[in-house]
Amino acid sequence: MYCQLLQYCQSMYEGHVPEDIIKELLSAFESIEQIGMEATEEERKDSSLTTVWFLHELKARRETGDVWKIEDEMLRESVQVLLQELDNVYFVFDIKQGGQHVFPIHNMIAKVVEKPEFVDINNPLGIYHIHILQLAVRLFTNSDDKQQILQTLVEQCNLKFIDYLSAPEYIIDTLDLLNYQKNGVMIFYDGMKNKVLVRHKSRSYFEGQPLWEIEGMTVEEEHDHQKNKIGFFVEYALDRGDSLTDYSEILKSEAGREAFLKLVFGGEIYNILFEHSIIEKADGSLLPVNPYCYNDTTIVKGWLRDKNGRIYDKEHFLDALRRYRSAALKVSRNCVMNRVSFGLAILLLQKENTGVDELRLNEFTDDDWYQSQILKNWTERCYDPIEALTFIAGQWQRENDYCAFPYKRQRNSKEKNIEDHEIGPLDFYPVKSENGWMYQVMGCENPEEWYVLRGRVQEDSEGDFILVVDLISDVVGKRFSQNTELLQLSVKTEVLEDPEGLLANIWGSGEEYYFLYNRKEQGGVVWDQTLLKALSALEKIQDKNHLTLETASEINRTQYREITAMMQLQKGALEEAGKRFFCDFDSQVYYRLVHNLLWSEIDKEKISSYLKVFMHHQNLGFAEISRDEKFARKDENTLYVPKDGRESDSVLTSIYETYLKTKSARETNDMYKYILELKDDGYYYRDNRIENIVFLCDNFECGTATIRMLKAYLNIDVMGERVDEKRKVEQVRASRQKYYLREADSCDGEDDLSVAQEHLNEVPLEAVIEKNACTIEVHGYYGTERGKGVIEDFLKKHLIKPAVVTYEWEITKHASQIIDEVKIIWPRSNPSDNVYTVVREFNMPKMNVFPKEMLKDPGKAICMFVKKDEIRKC
């Protein structure tokens with residue numbers, strides 16, 4: 001609170017704080033200045049407490065004026081925090097008592113900087129020194145004598161980076177200077193001069209060639225007052241039109257992702273994941289701001305304003321880019337579902353850098369998955385294609401292992417499956433691929449004739465070793481049996497080529513081997529077991545996958561956009577669950593759609609029905625709801641009653657907070673204001689007599705929920721109802737908006753909202769209706785003629801009149817028209833044909849045709865929409 005007060009004073013008086021206020025501030029400071037001594041280690045990390053603590057040290061040591069006497073290591077390490085905080089309260093350093101500064105920071109810093117040992121070969125410039133210099137540059141701006149101290153350092157010791165400390169965004173690093181800590185390098189930038197200075201304590205850092213030719217750039221030396229070398233730097237000017245940018249900006253587009261790959265793998269450049277670390281040339285090409293960053297051993301990730309950055313080694317570069325892994329590197333113009341992930345390209349190039357051009361991204365054709373084409377292109381360019389194939393098969397199998405089963409076959413099974421799979425980084429899209437090219441890499445021509453089989457060693461009657469093949473539980477074995485009509489297969493080891501001598505180690509029965517077998521030639525070959533085992537597992541996964549390119553091609557761009565628009569209505573919930581794994585919403589739509597297609601086991605025969613189900617849904621968006629006269633709540637004599645209270649976290653409360661609540665000023669027309677006033681002629685709301693009551697609903701379909709709302713609000717007798725119905729009405733009654741009488745002694749024209757509701761007198765709405773002879777209206781932004789009729793009949797039955805039921809937009813899509821398709825797609829669910837098919841913004845309606853598994857948890861990969869659990873109050 002004290003630090004906030006200092007900031008208010010500086011802002012309010014523009015640094016010229018009146019003397020009487022200064023006295024009050026100093027008096028208050030005396031009461032709290034020791035707080036740092038009493039605080040816990042965790043509390044001392046608070047920036048405001050650090051500021052007060054530092055001011056105390058300045059005041060206490062003003063006689064000696066020596067900042068080196070501040071021995072607390074934690075406070076010394078907090079100078080970076082002070083850099084931010086002291087800018088907002090700099091007026092305190094001008095406060096004097098008895099002609100002396102109370103907080104003499106200028107003199108303290110000056111004494112430090114002017115000491116010869118401040119720049120000394122035995123005391124290399126560290127983070128603390130750099131921060132002290134930063135403070136000095138900030139505070140010495142208007143002090144000629146102290147400015148001279150800094151100029152002396154620049155001229156005598158060649159500490160040229162000091163000239164950069166006054167420029168905005170001068171150090172390209174996180175606040176804790178993590179790049180300096182881990183790689184020993186500091187990068188300074190002067191935006192006014194468009195120049196860069198790169199500093200390192202070792203000359204060897206600059207011994208290699210810069211990543212591009214820079215005219216006139218030389219390595220310069222820093223030295224202490226005894227002329228000992230203490231550091232080295234290079235300085236260069238950016239070209240006109242160049243600008244500094246961030247990897248996150250570059251990775252927003254497919255073209256940017258490809259350019260980023262060329263930047264990273266064109267020069268083995270990894271340490272470019274902190275803010276302003278990339279130069280974007282006028283022609284769109286990219287360069288690192290540090291032309292020697294190939295020497296950095298650690299990858300630093302963070303923002304200039306981040307107190308702490310994060311570090312990664314080169315082997316975990318892909319982890320540092322987690323949010324971008326599932327994003328598309330390239331998408332087919334003709335088939336929106338045919339794409340390859342950015343993460344897969346990085347995964348491959350990190351394994352073996354063949355060069356981005358060798359991936360032939362611009363030569364992809366639409367007759368095969370882009371994913372398969374990039375895998376094939378990379379493998380063919382690798383030094384050892386078999387080793388590359390082993391890597392691919394293993395990674396692919398491990399990443400897509402859960403795709404072998406859509407859901408658990410047995411309740412207590414621990415097997416991986418799509419239904420339970422949670423969203424996470426994805427490099428291999430789980431699509432059904434034609435992998436004959438893999439067999440060709442292993443020398444198997446006519447791949448359709450080859451099978452990867454598993455056999456167990458036995459001795460035949462003649463004492464020779466044979467492999468008895470599993471044609472029952474093995475997926476490829478079953479396929480072999482179906483294609484050959486053989487029920488069993490035994491293969492003599494002598495008919496198998498064994499280039500690596502694997503079968504030479506057979507010592508007896510029971511050993512298991514994977515091998516490639518040609519059904520036509522009745523012979524085969526034994527390759528590396530790691531490769532064949534992974535390939536067999538991958539074949540199992542692919543066998544269960546129905547999402548072929550032919551199937552996916554049935555989804556055109558218009559349909560994909562429609563599905564995206566539906567999911568956009570619940571973007572908030574989906575993005576909240578996926579923010580760690582998706583850099584844009586399209587990546588999330590594709591990810592969830594692919595998994596939902598797999599889980600739903602959609603093939604060529606089902607895809608038309610699947611798309612029909614989605615296309616038959618109506619989008620209920622509320623972006624234009626403020627144009628609705630009723631929801632605008634403009635009639636001053638009308639009490640607009642929301643269908644449920646603010647605490648219910650319902651769709652209507654989300655609509656109100658997002659679209660109806662005033663953003664530019666204080667909300668004076670709060671829909672959830674609950675105080676009424678009773679006068680001689682009736683009840684008043686906001687100083688206006690209530691003539692009408694309008695019940696506001698976001699939507700009504702069959703009318704059942706709206707009728708429960710009316711029963712709850714109007715206290716209609718439900719004693720004769722079913723037990724279940726009574727329970728539901730009570731739940732609605734508990735979550736409804738409640739109205740109370742204003743306290744008799746409350747201030748005129750103001751509501752005493754500080755009084756707890758349980759201490760106020762609740763006003764039943766039926767009392768308001770009776771006292772004021774109000775008209776009643778039930779209004780929904782969306783509604784149906786069917787629901788309207790049911791609600792009107794209810795009102796007539798209970799003699800509630802005059803009353804009308806209205807809605808702004810009609811819901812027209814009904815499940816009866818697609819119920820057959822729904823049952824084909826999700827036979828395990830039991831959808832009702834007596835509901836409307838809508839996708840509603842913020843939250844799905846309780847009644848819908850989608851299986852609950854794809855609605856209940858946005859953390860699951862198959863979830864495309866969200867139906868939140870209701871808050872139960874009784």
# chains A, B, ... in the order shown; residues from 1 in each chain; ligands from 1

call {"tool": "residues_around", "arguments": {"residues": "Phe232 of chain A", "least_positions_apart": "6", "cutoff": "8 Å", "atoms": "only C-alpha atoms", "output": "PyMOL selection string"}}
result
chain A and resi 199-203+219-222

call {"tool": "residues_around", "arguments": {"residues": "segment 808-810 of chain A", "least_positions_apart": "5", "cutoff": "6 Å", "atoms": "only C-alpha atoms", "output": "list in words"}}
result
Tyr781, Tyr782, Gly783 and Thr784 of chain A

call {"tool": "select_by_dssp", "arguments": {"residues": "segment 668-797 of chain A", "states": "strand (DSSP E or B)", "output": "number ranges by chain"}}
result
A: 675-679, 682-685, 688-689, 692-699, 740-741, 762, 775-783

call {"tool": "atom_distance", "arguments": {"atom1": "atom CA of Arg322 of chain A", "atom2": "atom CA of Phe582 of chain A"}}
result
8.0 Å

call {"tool": "select_by_dssp", "arguments": {"residues": "segment 174-292 of chain A", "states": "alpha helix (DSSP H)", "output": "count of residues only"}}
result
23

call {"tool": "atom_distance", "arguments": {"atom1": "atom CA of Lys45 of chain A", "atom2": "atom CA of Arg310 of chain A"}}
result
18.5 Å

call {"tool": "atom_distance", "arguments": {"atom1": "atom CA of Asn483 of chain A", "atom2": "atom CA of Ser461 of chain A"}}
result
28.7 Å

call {"tool": "closest_residue", "arguments": {"among": "A:Asp543, A:Asp649, A:Glu601, A:Glu449", "to": "Lys868 of chain A", "atoms": "only C-alpha atoms"}}
result
A:Asp649
